[in-house]
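Novice: This is start_38.cif, which holds mmCIF, C-alpha atoms:
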```cif
data_query
#
loop_
_atom_site.label_atom_id
_atom_site.label_comp_id
_atom_site.auth_asym_id
_atom_site.auth_seq_id
_atom_site.Cartn_x
_atom_site.Cartn_y
_atom_site.Cartn_z
CA MET A 1500 0.00 0.00 0.00
CA ALA A 1501 1.19 3.50 -0.78
CA SER A 1502 1.56 5.96 2.07
CA ILE A 1503 0.51 9.42 0.91
CA ILE A 1504 1.80 12.85 1.92
CA ASN A 1505 -0.06 15.88 0.57
CA VAL A 1506 1.72 19.01 -0.60
CA ASN A 1507 -0.95 21.66 -0.08
CA LEU A 1508 -0.55 24.67 -2.35
CA PRO A 1509 -2.93 27.51 -3.33
CA GLN A 1510 -2.75 26.75 -7.09
CA GLN A 1511 -2.20 23.04 -7.45
CA SER A 1512 -1.79 20.60 -4.59
CA TYR A 1513 -0.39 17.14 -5.25
CA GLU A 1514 0.50 13.87 -3.59
CA ILE A 1515 3.82 12.28 -2.71
CA ALA A 1516 3.06 8.55 -2.92
CA ASN A 1517 5.57 6.24 -1.23
CA ALA A 1518 4.78 2.83 -2.75
CA PRO A 1519 7.20 -0.12 -2.73
CA GLY A 1520 7.13 -1.48 -6.30
CA GLY A 1521 5.45 1.78 -7.31
CA ILE A 1522 7.11 1.95 -10.75
CA ASP A 1523 4.67 -0.76 -11.83
CA GLN A 1524 1.75 1.42 -10.63
CA LEU A 1525 2.87 4.58 -12.45
CA GLY A 1526 0.34 4.29 -15.29
CA GLU A 1527 -2.56 3.62 -12.95
CA MET A 1528 -1.65 6.54 -10.67
CA MET A 1529 -1.27 8.91 -13.61
CA SER A 1530 -4.64 7.76 -15.05
CA ASN A 1531 -6.32 9.08 -11.90
CA LEU A 1532 -4.99 12.57 -12.69
CA LYS A 1533 -6.96 12.88 -15.98
CA LEU A 1534 -3.91 13.76 -18.07
CA GLY A 1535 -3.59 13.75 -21.86
CA LYS A 1536 -2.49 10.46 -23.42
CA LYS A 1537 0.94 11.52 -24.68
CA VAL A 1538 3.89 11.03 -22.33
CA LEU A 1539 7.55 11.97 -22.79
CA LEU A 1540 9.67 9.96 -20.36
CA VAL A 1541 13.10 11.47 -19.60
CA SER A 1542 15.86 9.41 -17.96
CA ASN A 1543 19.56 8.63 -18.13
CA PRO A 1544 20.92 5.44 -19.77
CA THR A 1545 21.78 3.70 -16.47
CA VAL A 1546 18.41 4.28 -14.83
CA PHE A 1547 16.50 3.61 -18.04
CA LYS A 1548 18.25 0.27 -18.43
CA GLN A 1549 17.20 -0.73 -14.91
CA TYR A 1550 13.68 0.69 -14.70
CA GLY A 1551 12.67 2.18 -18.05
CA GLU A 1552 10.93 -0.89 -19.45
CA ARG A 1553 8.82 -1.32 -16.32
CA ALA A 1554 7.81 2.34 -16.32
CA VAL A 1555 6.93 2.31 -20.04
CA ALA A 1556 5.00 -0.98 -19.70
CA SER A 1557 2.98 0.43 -16.81
CA LEU A 1558 2.17 3.61 -18.75
CA GLU A 1559 1.24 1.76 -21.92
CA ALA A 1560 -0.98 -0.66 -19.99
CA ALA A 1561 -2.88 2.39 -18.73
CA GLY A 1562 -3.39 3.63 -22.32
CA PHE A 1563 -0.61 6.24 -22.50
CA LYS A 1564 1.41 6.73 -25.68
CA VAL A 1565 5.05 6.94 -24.56
CA THR A 1566 8.21 8.28 -26.16
CA ASN A 1567 11.48 8.59 -24.30
CA CYS A 1568 14.57 10.75 -24.22
CA THR A 1569 17.79 9.77 -22.44
CA LEU A 1570 20.37 12.31 -21.31
CA PRO A 1571 23.90 11.70 -19.99
CA PRO A 1572 24.15 11.33 -16.19
CA GLY A 1573 25.85 13.90 -13.96
CA GLU A 1574 25.61 17.47 -12.75
CA ARG A 1575 27.93 18.76 -15.46
CA TYR A 1576 25.30 17.84 -18.07
CA LYS A 1577 22.64 19.88 -16.31
CA THR A 1578 22.72 22.52 -19.03
CA LEU A 1579 20.51 24.28 -21.54
CA SER A 1580 21.90 22.09 -24.32
CA SER A 1581 20.59 18.97 -22.51
CA VAL A 1582 17.18 20.62 -22.14
CA GLN A 1583 17.31 21.39 -25.88
CA LYS A 1584 17.35 17.62 -26.49
CA ILE A 1585 14.13 17.29 -24.49
CA TYR A 1586 12.55 20.10 -26.54
CA ASP A 1587 13.66 18.43 -29.79
CA THR A 1588 12.08 15.12 -28.73
CA ALA A 1589 8.93 16.95 -27.62
CA LEU A 1590 8.67 18.65 -31.02
CA GLU A 1591 9.28 15.46 -33.01
CA ASN A 1592 6.57 13.67 -31.03
CA ARG A 1593 4.07 16.55 -31.01
CA ILE A 1594 3.96 16.85 -27.23
CA GLU A 1595 0.90 19.04 -26.50
CA ARG A 1596 -0.38 21.19 -23.67
CA SER A 1597 -2.31 18.24 -22.20
CA SER A 1598 0.74 15.92 -22.44
CA THR A 1599 3.02 15.01 -19.54
CA MET A 1600 6.77 14.84 -19.08
CA VAL A 1601 7.85 12.12 -16.63
CA ALA A 1602 11.25 12.35 -14.93
CA LEU A 1603 12.65 8.90 -14.13
CA GLY A 1604 15.96 9.48 -12.39
CA GLY A 1605 17.81 11.46 -9.76
CA GLY A 1606 17.83 15.18 -9.02
CA VAL A 1607 19.59 16.19 -12.24
CA ILE A 1608 17.01 14.45 -14.48
CA GLY A 1609 14.17 15.77 -12.30
CA ASP A 1610 15.41 19.37 -12.43
CA MET A 1611 15.93 19.34 -16.20
CA THR A 1612 12.67 17.56 -17.02
CA GLY A 1613 10.77 19.93 -14.73
CA PHE A 1614 12.38 22.94 -16.40
CA ALA A 1615 11.56 21.57 -19.86
CA ALA A 1616 7.95 20.96 -18.75
CA ALA A 1617 7.74 24.47 -17.25
CA THR A 1618 8.86 26.09 -20.48
CA TRP A 1619 7.47 23.79 -23.22
CA LEU A 1620 4.32 25.47 -24.59
CA ARG A 1621 4.54 27.77 -21.53
CA GLY A 1622 4.02 24.88 -19.14
CA ILE A 1623 2.77 21.29 -19.36
CA ASN A 1624 2.14 18.49 -16.85
CA PHE A 1625 5.09 16.96 -15.10
CA VAL A 1626 5.47 13.83 -12.91
CA GLN A 1627 8.47 12.94 -10.76
CA VAL A 1628 9.63 9.33 -10.30
CA PRO A 1629 12.81 9.86 -8.25
CA THR A 1630 15.33 7.01 -8.25
CA SER A 1631 17.97 8.40 -5.85
CA LEU A 1632 17.64 8.99 -2.11
CA LEU A 1633 18.52 12.66 -2.62
CA ALA A 1634 15.73 13.12 -5.16
CA MET A 1635 13.23 11.14 -3.04
CA VAL A 1636 13.68 13.24 0.08
CA ASP A 1637 14.41 16.58 -1.52
CA ALA A 1638 14.91 17.39 -5.20
CA ALA A 1639 11.70 15.81 -6.55
CA ILE A 1640 9.45 17.71 -4.12
CA GLY A 1641 8.59 21.40 -4.24
CA GLY A 1642 8.67 22.36 -7.90
CA LYS A 1643 12.14 23.88 -8.13
CA THR A 1644 13.41 23.16 -11.63
CA GLY A 1645 16.39 24.40 -13.55
CA VAL A 1646 19.85 24.07 -15.05
CA ASN A 1647 23.31 25.34 -14.19
CA HIS A 1648 25.14 28.30 -15.71
CA PRO A 1649 28.94 28.03 -16.03
CA GLN A 1650 29.16 30.74 -13.33
CA GLY A 1651 26.84 29.14 -10.81
CA LYS A 1652 24.44 26.38 -9.93
CA ASN A 1653 20.71 26.51 -10.77
CA LEU A 1654 20.88 30.15 -11.88
CA ILE A 1655 18.43 29.39 -14.72
CA GLY A 1656 15.12 27.88 -13.66
CA ALA A 1657 11.46 28.14 -12.83
CA PHE A 1658 9.03 27.06 -10.13
CA HIS A 1659 6.85 24.36 -11.69
CA GLN A 1660 5.12 21.90 -9.39
CA PRO A 1661 4.74 18.25 -10.38
CA ARG A 1662 1.29 16.66 -10.58
CA LEU A 1663 2.55 13.62 -8.68
CA VAL A 1664 5.73 12.41 -6.96
CA LEU A 1665 5.96 8.61 -6.95
CA ILE A 1666 8.63 7.12 -4.67
CA ASP A 1667 9.48 3.45 -5.07
CA GLN A 1668 11.99 2.82 -2.27
CA GLN A 1669 12.89 -0.59 -3.71
CA VAL A 1670 15.02 1.20 -6.31
CA LEU A 1671 17.40 2.26 -3.52
CA LYS A 1672 18.77 -1.31 -3.61
CA THR A 1673 20.46 -0.55 -6.96
CA LEU A 1674 21.64 2.94 -5.98
CA PRO A 1675 25.46 3.31 -5.97
CA MET A 1676 26.84 3.71 -2.43
CA ARG A 1677 28.18 7.20 -3.07
CA GLU A 1678 24.72 8.32 -4.23
CA PHE A 1679 23.11 6.85 -1.12
CA ARG A 1680 25.50 8.83 1.08
CA ALA A 1681 24.80 11.99 -0.95
CA GLY A 1682 21.09 11.60 -0.13
CA MET A 1683 21.87 11.21 3.58
CA ALA A 1684 23.30 14.74 3.54
CA GLU A 1685 19.84 16.15 2.74
CA VAL A 1686 18.26 13.92 5.40
CA ILE A 1687 20.71 15.23 8.03
CA LYS A 1688 19.81 18.73 6.84
CA TYR A 1689 16.12 18.14 7.68
CA GLY A 1690 17.15 16.93 11.13
CA VAL A 1691 19.10 20.14 11.78
CA ILE A 1692 16.60 22.62 10.31
CA TRP A 1693 13.21 21.10 11.19
CA ASP A 1694 13.01 17.72 12.85
CA ALA A 1695 15.05 17.05 16.00
CA GLN A 1696 13.37 13.65 16.37
CA LEU A 1697 14.62 12.52 12.96
CA PHE A 1698 18.11 13.71 13.95
CA ALA A 1699 17.94 11.68 17.18
CA GLU A 1700 16.69 8.58 15.31
CA MET A 1701 19.69 8.77 12.99
CA GLU A 1702 22.06 9.16 15.93
CA GLN A 1703 20.81 5.78 17.20
CA SER A 1704 21.90 4.00 14.01
CA LYS A 1705 25.38 2.45 14.12
CA ARG A 1706 26.03 3.27 10.46
CA LEU A 1707 24.41 5.52 7.86
CA ASP A 1708 26.86 5.14 4.98
CA GLN A 1709 25.25 2.14 3.22
CA LEU A 1710 21.65 1.08 2.75
CA ARG A 1711 22.32 -2.44 4.04
CA TYR A 1712 23.44 -1.15 7.46
CA VAL A 1713 20.35 1.01 7.96
CA LYS A 1714 17.32 -0.74 9.43
CA ALA A 1715 14.23 -0.87 7.21
CA GLU A 1716 12.15 1.03 9.77
CA LEU A 1717 14.72 3.84 9.86
CA ILE A 1718 14.64 4.08 6.03
CA GLU A 1719 10.84 4.24 6.26
CA SER A 1720 11.08 7.00 8.86
CA ILE A 1721 13.73 8.89 6.85
CA LEU A 1722 11.52 8.92 3.74
CA GLN A 1723 8.34 9.75 5.64
CA ARG A 1724 9.76 12.49 7.88
CA SER A 1725 11.99 14.11 5.22
CA CYS A 1726 9.16 14.25 2.67
CA GLN A 1727 6.79 15.58 5.34
CA ALA A 1728 9.32 18.28 6.33
CA LYS A 1729 9.73 19.37 2.72
CA ALA A 1730 5.96 19.31 2.11
CA ASP A 1731 5.34 21.40 5.28
CA VAL A 1732 7.93 24.03 4.35
CA VAL A 1733 6.87 24.26 0.68
CA GLY A 1734 3.18 24.39 1.69
CA LYS A 1735 3.93 27.45 3.84
CA ASP A 1736 6.20 29.18 1.29
CA GLU A 1737 6.01 27.87 -2.27
CA LYS A 1738 8.20 30.48 -4.02
CA GLU A 1739 10.86 30.99 -1.34
CA ALA A 1740 9.68 34.36 -0.11
CA GLY A 1741 10.92 33.59 3.40
CA LEU A 1742 10.69 30.29 5.31
CA ARG A 1743 11.55 28.04 2.34
CA ALA A 1744 15.06 29.50 2.29
CA ILE A 1745 15.86 27.31 5.34
CA LEU A 1746 15.95 24.34 2.94
CA ASN A 1747 19.18 25.87 1.63
CA TYR A 1748 21.02 25.04 4.86
CA GLY A 1749 24.54 23.96 3.87
CA HIS A 1750 23.86 24.89 0.24
CA THR A 1751 25.34 28.41 0.23
CA ILE A 1752 28.97 27.33 0.59
CA GLY A 1753 28.09 23.89 -0.85
CA HIS A 1754 26.99 25.32 -4.21
CA ALA A 1755 30.14 27.47 -4.40
CA VAL A 1756 32.34 24.39 -3.82
CA GLU A 1757 30.41 22.43 -6.46
CA SER A 1758 30.69 25.07 -9.17
CA LEU A 1759 34.36 25.89 -8.40
CA THR A 1760 35.29 22.22 -8.81
CA GLY A 1761 33.41 22.02 -12.13
CA TYR A 1762 30.83 19.54 -10.73
CA ARG A 1763 33.47 16.81 -11.08
CA VAL A 1764 35.10 16.48 -7.64
CA VAL A 1765 32.26 16.40 -5.14
CA ASN A 1766 28.63 15.52 -5.79
CA HIS A 1767 25.73 17.63 -4.50
CA GLY A 1768 25.31 15.76 -1.21
CA GLU A 1769 29.03 15.87 -0.44
CA ALA A 1770 29.08 19.62 -1.13
CA VAL A 1771 26.05 20.15 1.15
CA ALA A 1772 27.81 18.16 3.92
CA ILE A 1773 30.86 20.45 3.64
CA GLY A 1774 28.52 23.47 3.63
CA MET A 1775 26.70 22.27 6.78
CA VAL A 1776 30.01 21.80 8.64
CA ALA A 1777 31.00 25.35 7.63
CA ALA A 1778 27.60 26.83 8.56
CA GLY A 1779 27.71 25.07 11.94
CA GLN A 1780 31.12 26.54 12.70
CA ILE A 1781 30.06 30.00 11.54
CA ALA A 1782 27.05 29.78 13.91
CA VAL A 1783 29.36 28.80 16.81
CA LYS A 1784 31.77 31.68 16.03
CA LEU A 1785 28.84 34.13 15.99
CA GLY A 1786 27.68 32.79 19.38
CA MET A 1787 24.39 31.43 17.97
CA TRP A 1788 24.94 27.69 18.42
CA GLN A 1789 26.53 25.47 21.06
CA LYS A 1790 29.83 23.79 20.18
CA GLU A 1791 28.43 20.44 21.44
CA GLU A 1792 25.60 20.60 18.91
CA THR A 1793 27.88 21.31 15.97
CA GLU A 1794 29.95 18.31 17.09
CA ARG A 1795 26.80 16.15 17.07
CA GLN A 1796 26.01 17.34 13.56
CA ASP A 1797 29.55 16.68 12.29
CA ALA A 1798 29.58 13.21 13.90
CA LEU A 1799 26.37 12.35 12.01
CA ILE A 1800 27.88 13.65 8.75
CA GLN A 1801 30.94 11.43 9.29
CA LYS A 1802 28.73 8.45 10.19
CA ALA A 1803 27.09 8.87 6.77
CA GLY A 1804 30.54 8.65 5.15
CA LEU A 1805 30.41 12.28 4.02
CA PRO A 1806 33.30 14.78 3.88
CA THR A 1807 33.82 17.46 6.54
CA GLN A 1808 36.83 19.14 4.91
CA LEU A 1809 37.16 21.25 1.76
CA PRO A 1810 38.48 19.41 -1.32
CA SER A 1811 42.19 20.10 -1.78
CA GLY A 1812 43.10 22.95 -4.07
CA VAL A 1813 39.88 24.95 -3.66
CA ASP A 1814 40.76 28.63 -3.29
CA ILE A 1815 39.07 30.19 -0.26
CA GLU A 1816 38.93 33.66 -1.82
CA ALA A 1817 37.26 32.13 -4.88
CA ILE A 1818 34.58 30.62 -2.61
CA ILE A 1819 33.92 34.00 -0.98
CA GLU A 1820 33.68 35.60 -4.44
CA ALA A 1821 31.39 32.80 -5.71
CA LEU A 1822 29.00 33.48 -2.82
CA GLN A 1823 28.22 36.83 -4.43
CA VAL A 1824 26.56 35.21 -7.47
CA ASP A 1825 24.45 32.87 -5.32
CA LYS A 1826 20.69 33.06 -6.00
CA LYS A 1827 20.10 33.98 -2.36
CA VAL A 1828 22.09 37.25 -2.42
CA GLN A 1829 19.86 40.18 -1.49
CA ALA A 1830 20.99 43.79 -1.85
CA GLY A 1831 24.54 42.49 -2.25
CA LYS A 1832 24.43 40.58 1.04
CA VAL A 1833 24.85 36.82 1.21
CA MET A 1834 22.03 35.08 3.07
CA PHE A 1835 23.13 32.33 5.43
CA ILE A 1836 20.94 29.75 7.13
CA LEU A 1837 22.45 29.13 10.55
CA PRO A 1838 21.37 26.72 13.30
CA THR A 1839 20.48 27.92 16.79
CA GLN A 1840 19.61 24.45 18.11
CA ILE A 1841 19.04 21.03 16.54
CA GLY A 1842 15.71 21.33 14.74
CA VAL A 1843 15.80 25.16 14.56
CA VAL A 1844 17.62 27.54 12.20
CA THR A 1845 17.55 31.24 11.43
CA ILE A 1846 18.16 33.22 8.22
CA THR A 1847 20.69 36.05 8.43
CA ASP A 1848 22.71 38.31 6.14
CA GLN A 1849 24.94 39.43 9.00
CA VAL A 1850 27.91 37.13 8.46
CA PRO A 1851 31.23 38.99 8.10
CA SER A 1852 33.48 37.79 5.27
CA ASP A 1853 36.29 37.42 7.80
CA THR A 1854 34.26 34.89 9.80
CA ILE A 1855 33.62 32.85 6.64
CA ARG A 1856 37.31 33.08 5.76
CA GLN A 1857 38.45 31.87 9.22
CA VAL A 1858 36.08 28.93 9.18
CA LEU A 1859 37.08 27.86 5.66
CA GLN A 1860 40.79 28.15 6.51
CA GLY A 1861 40.16 25.73 9.38
CA MET A 1862 38.62 23.25 6.94
#
```
Could you show the structure in this file as structure tokens?

Specialist:
Amino acid sequence: MASIINVNLPQQSYEIANAPGGIDQLGEMMSNLKLGKKVLLVSNPTVFKQYGERAVASLEAAGFKVTNCTLPPGERYKTLSSVQKIYDTALENRIERSSTMVALGGGVIGDMTGFAAATWLRGINFVQVPTSLLAMVDAAIGGKTGVNHPQGKNLIGAFHQPRLVLIDQQVLKTLPMREFRAGMAEVIKYGVIWDAQLFAEMEQSKRLDQLRYVKAELIESILQRSCQAKADVVGKDEKEAGLRAILNYGHTIGHAVESLTGYRVVNHGEAVAIGMVAAGQIAVKLGMWQKEETERQDALIQKAGLPTQLPSGVDIEAIIEALQVDKKVQAGKVMFILPTQIGVVTITDQVPSDTIRQVLQGM
């Protein structure tokens, strides 16, 4: 049975369905949404090889006419030229306003497919079928779509909510270990910003670095509580006017590290882990957070097999400069999300560059 979480929005609410084996129910679930019959399924070759046939079979059994488009995997392909391939396929197959784009993959595929759906014919239906832990708990929910610009991450994008998010946790069994750990970074983030109970549950686990060491009931709780946290925050602030910015905890410095290393050295989750360590230390230096709590956070990050130090060769001044082109800069000031206790954060633009510099030098 699927467990359902509702994302309640003024314009278009939708469901996050967590259904083991759910890929085989995709067609049936989409039928209930009264969508047009044409579907463009976007994936990457690895994921499509594992799950594409099942997804297509389920859609076709429900009467959908499916075409697919595969794009190369990896953050460095999250570009306008990749989205162009989606547009080309959409044009060839006469994808219409009533049609649907389905993203079968991780956060990169989800972001690009969502952006293509937001901009094709000024906006068509879009369904998320996330296949990575990071996409399940974070990227697939909330309607943020987009691509990277050479100068910064996700600078080009649109808010475009999916009609459905279908999570099939059984696919986590085929997820590469490094990708599993990357997803744990976002889960730890929810613990720090919103859900102290989730944080405490993770502290009880001996290991968090591989799926096989994490008890099934903890995985269930991680998916349920993380998705609920994201749904709660997005429901209160869909377009990031205020509260939703807390979801960027660890992302400010994290995004800078990702773009400065050309999206080749650290993946998104690893960058967020580094960013959370930095943010925790900044909060301690500014007298906002207890040293013991930042140590608890860092211990959890290490337990998940994630980095707590900057990659070698990253220039600290370049990071400080990169922060200035972050999407969250307001009136020239960098916005930081900083913890005040586990489960509670605050948003501030009062972080001196010298404090950032000192913290980064220590990492």

Novice: Using only C-alpha atoms for the distances, tell me which of A:Ala1740, A:Val1664, A:Ile1692, A:Gly1641 is nearest to Ile1503 of chain A.

Specialist: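 Looking at the shortest contact to Ile1503 of chain A, the residue is A:Val1664.
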
Novice: Point out the residue among A:Ala1803, A:Ile1819, A:Ala1684, A:Val1844 with the least atom-to-atom distance to Lys1832 of chain A, counting all atoms listed in the file.

Specialist: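 Ranked by minimum distance to Lys1832 of chain A, first place goes to A:Ile1819.
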
Novice: Which residue, A:Met1676, A:Ile1687, A:Val1670, A:Val1756, has the smallest gap to Gly1774 of chain A when you use all atoms listed in the file?

Specialist: A:Val1756

Novice: Pull out every residue that the PyMOL selection byres ((chain A and resi 1680) around 7) matches in the shown coordinates and put them as a list in words.

Specialist: Met1676, Arg1677, Glu1678, Phe1679, Ala1681, Gly1682, Met1683, Ala1684, Asp1708, Ala1803, Gly1804 and Leu1805 of chain A

Novice: For Asn1592 of chain A, work out the shell of residues within 10 Å, counting only C-alpha atoms and skipping chain neighbours fewer than 3 positions away, then give it as a PyMOL selection string.

Specialist: chain A and resi 1537-1539+1565-1567+1586-1589+1595

Novice: Could you tell me which residues the PyMOL selection byres ((chain A and resi 1608) around 9) returns for this structure, as number ranges by chain?

Specialist: A: 1541-1543, 1570, 1572-1573, 1577, 1602-1607, 1609-1613, 1629

Novice: What does the distance between atom CA of Ala1561 of chain A and atom CA of Ser1581 of chain A come to in Å, to one decimal place?

Specialist: 29.0 Å

Novice: Run the PyMOL selection byres ((chain A and resi 1744) around 12) mentally over the shown coordinates, then write out the matched residues as a PyMOL selection string, using the chain letters and numbers from the document.

Specialist: chain A and resi 1692+1729+1732-1733+1735-1743+1745-1751+1826-1828+1834-1837+1844-1847

Novice: Select, from A:Ala1817, A:Ala1518, A:Ala1830, A:Ala1798, the residue with the minimum atom-to-atom distance to Glu1719 of chain A, counting only C-alpha atoms.

Specialist: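 Among the listed residues, A:Ala1518 lies closest to Glu1719 of chain A.
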
Novice: I want to know what sits within 10 Å of Pro1675 of chain A, based on all atoms listed in the file, with residues of the same chain fewer than 6 positions away left out; could you give that as a list in words?

Specialist: Ser1631, Gln1709 and Leu1710 of chain A

Novice: Which neighbours of Ala1695 of chain A fall inside 6 Å, counting all atoms listed in the file, when residues of the same chain fewer than 2 positions from it are skipped, and could you give them as a ChimeraX atom specification?

Specialist: /A:1690,1697-1698,1841-1842

Novice: Using Å and a single decimal, report how far atom CA of Asp1667 of chain A sits from atom CA of Val1546 of chain A.

Specialist: 13.3 Å

Novice: With all atoms listed in the file as the counted atoms, please give the residues lying no more than 9 Å from Leu1525 of chain A, apart from itself and same-chain residues fewer than 5 positions off, as a list in words.

Specialist: Ser1530, Ala1554, Val1555, Ser1557, Leu1558, Ala1561, Val1628 and Leu1665 of chain A

Novice: Between A:Ala1772, A:Leu1707, A:Pro1838, A:Thr1760, which has the minimum distance to Lys1802 of chain A (counting only C-alpha atoms)?

Specialist: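 Ranking A:Ala1772, A:Leu1707, A:Pro1838, A:Thr1760 by distance to Lys1802 of chain A, first place goes to A:Leu1707.
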
Novice: So that all listed atoms of segment 1610-1622 of chain A fit with 6 Å spare on each side, what axis-aligned box centre and edge lengths in Å, to one decimal, would you give as lines of an AutoDock Vina configuration file?

Specialist:
```
center_x = 10.0
center_y = 22.7
center_z = -18.5
size_x = 23.9
size_y = 22.2
size_z = 24.2
```

Novice: Could you tell me how far atom CA of Gly1651 of chain A lies from atom CA of Asp1797 of chain A, in Å and to one decimal?

Specialist: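 These atoms are spaced 26.4 Å apart.
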
Novice: Could you tell me which of A:Met1775, A:Glu1769, A:Pro1810, A:Gln1696 comes closest to Glu1794 of chain A if we count all atoms listed in the file?

Specialist: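 Distance minimum relative to Glu1794 of chain A lands on A:Met1775.
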
Novice: List the neighbours of Gln1511 of chain A out to 12 Å using all atoms listed in the file; skip same-chain residues closer than 6 positions along the sequence, and give me the result as a list in words.

Specialist: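 That gives Asn1505, Asn1624, Gly1641, Gly1642, His1659, Gln1660, Pro1661, Arg1662, Leu1663, Gly1734 and Glu1737 of chain A.
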